[in-house]
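Take a look at the structure set out below.
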Amino acid sequence: MPGAVESLRAAAERIVLDPKYHDILAVVKAARNGAVYGIKVRFPHALVMIVLFRSGTAREKAALIFRATRTHARNLAKFATIYKLTCMVLKNFGATPGKEGPYDSFVAGLLGGYLVFGQRTRTGRISSVNQQIVVYIFARVVLALAHLAVKPGHGLPGVSEPHRSAVISHYAWPLFASLSWASVMHLFKWHAPELQSGLRSSMTYIYANCDEWDGLRTLLWHNK
């Protein structure tokens, strides 16, 4: 029996190390990594946000944490699978078979983003977990494009000239941070329902609930 197990293990090792299986196994590992990363990121976030800012029994809160974690892990795994599969297909059946095209990653991301994160639920809603993931990605894309715009040799004409690029880079972040916080505080004050629910709950806790207390206990220890 031990010999048979060892033979199976050796055969499996040969398969996973065989270059001809590399691309399809990369899809499998991408799905695995997407699921694991989704669990690692979402579970602690959901645990803190739901325990602190959601009402309900412990069982109801546990169910919400589980659903949020499952959705995040599942969707990252699905996106990773679609993305890697699409890249593999484009690489092998594209204009230059065997060679990656310059826009393969864009096309694969477009397809995966639409199929996984661009869909609504059965009730017509947009998943709050998907909203958070997409907004996070969007913010990082905007920051990256802003850096690229002033990068000497790669950015936009005029602003990417070395001296001008250095000046813009120095002052851009304080301006961006100030305008971001000014905008979110204005929206929270006058158009709070339009903000994402998790952000709205956090801001309500910090900036609205601080105006209410009925004694020392609710001033310093309990919020209400």
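Chain lettering (A, B, ...) mirrors the order of the structure tokens, residue numbering begins at 1 for each chain separately, and ligand numbering begins at 1 in order of display.
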How close does region 185-215 of chain A get to region 44-59 of chain A? List, as a tab-separated table, each residue of region 185-215 of chain A within 12 Å, its nearest atom pair and the distance in Å to one decimal, counting only C-alpha atoms.
residue	atom	partner	partner_atom	distance
A:Ser197	CA	A:Phe53	CA	10.6
A:Gly198	CA	A:Met49	CA	7.7
A:Leu199	CA	A:Met49	CA	10.0
A:Arg200	CA	A:Phe53	CA	10.4
A:Ser201	CA	A:Phe53	CA	6.6
A:Ser202	CA	A:Phe53	CA	7.5
A:Met203	CA	A:Phe53	CA	10.7
A:Thr204	CA	A:Phe53	CA	9.7
A:Tyr205	CA	A:Phe53	CA	8.0
A:Ile206	CA	A:Phe53	CA	11.2
A:Asn209	CA	A:Phe53	CA	11.9
Please tabulate, as CSV, the residues of region 90-154 of chain A that come within 12 Å of region 163-176 of chain A, each with its closest pair of atoms and the distance in Å to one decimal, counting only C-alpha atoms and ordering rows by chain, then residue number upward.
residue,atom,partner,partner_atom,distance
A:Ala139,CA,A:Phe176,CA,11.9
A:Val142,CA,A:Phe176,CA,11.3
A:Leu143,CA,A:Trp173,CA,9.8
A:Ala146,CA,A:Ala172,CA,9.2
A:His147,CA,A:Ser169,CA,7.8
A:Leu148,CA,A:Ser165,CA,10.3
A:Ala149,CA,A:Ser165,CA,8.9
A:Val150,CA,A:Ser165,CA,5.2
A:Lys151,CA,A:Ser165,CA,6.8
A:Pro152,CA,A:Ser165,CA,7.1
A:Gly153,CA,A:Ser165,CA,10.6
A:His154,CA,A:Ser165,CA,11.2
Please write the residues from the selection above to a file, keeping C-alpha atoms, as an mmCIF file, in the first residue's frame.
data_model
loop_
_atom_site.group_PDB
_atom_site.id
_atom_site.type_symbol
_atom_site.label_atom_id
_atom_site.label_comp_id
_atom_site.auth_asym_id
_atom_site.auth_seq_id
_atom_site.Cartn_x
_atom_site.Cartn_y
_atom_site.Cartn_z
ATOM 1 C CA ALA A 139 -9.275 53.696 -6.881
ATOM 2 C CA VAL A 142 -6.915 55.930 -10.958
ATOM 3 C CA LEU A 143 -3.857 56.365 -8.726
ATOM 4 C CA ALA A 146 -2.205 59.511 -12.298
ATOM 5 C CA HIS A 147 1.375 58.354 -11.628
ATOM 6 C CA LEU A 148 1.726 57.194 -15.223
ATOM 7 C CA ALA A 149 0.433 60.507 -16.581
ATOM 8 C CA VAL A 150 3.406 62.397 -15.116
ATOM 9 C CA LYS A 151 6.027 59.690 -15.578
ATOM 10 C CA PRO A 152 8.907 61.051 -17.677
ATOM 11 C CA GLY A 153 9.114 59.309 -21.014
ATOM 12 C CA HIS A 154 5.718 57.630 -20.650
#
Closest of A:Tyr83, A:Arg140, A:Trp190, A:Arg42 to Arg67 (chain A), counting only C-alpha atoms, is A:Arg42
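Considering the residues A:Thr121, A:Thr218, A:Asp23, A:Thr69 and counting only C-alpha atoms, Lys91 (chain A) has its shortest atom-to-atom contact with A:Asp23.
Between CA of Ala192 (chain A) and CA of Ala208 (chain A) lies a distance of 11.3 Å.
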Enumerate the residues of region 112-150 of chain A with a DSSP assignment of helix (DSSP H, G or I), computed from the backbone, and present them as an MDAnalysis selection string.
chainID A and resid 112:117 128:149
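Minimum distance to Val28 (chain A) across A:Lys84, A:Arg120, A:Arg70, A:Arg217 (counting only C-alpha atoms) occurs at A:Lys84.
CA of Thr71 (chain A) is found 12.5 Å from CA of Lys40 (chain A).
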With a distance cut-off of 12 Å and only C-alpha atoms, select the neighbouring residues of region 106-109 of chain A, excluding the residue or stretch itself and same-chain residues fewer than 4 positions from it, and output the selection as a PyMOL selection string.
chain A and resi 78-91+94+100-102+113-118+137
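Our summary of the geometry notes that CA of Asn130 (chain A) is positioned 11.0 Å from CA of Arg74 (chain A).
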Between A:Ala73, A:Leu25, A:Leu195, A:Cys210, which has the minimum distance to Ser183 (chain A) (counting only C-alpha atoms)?
A:Leu195
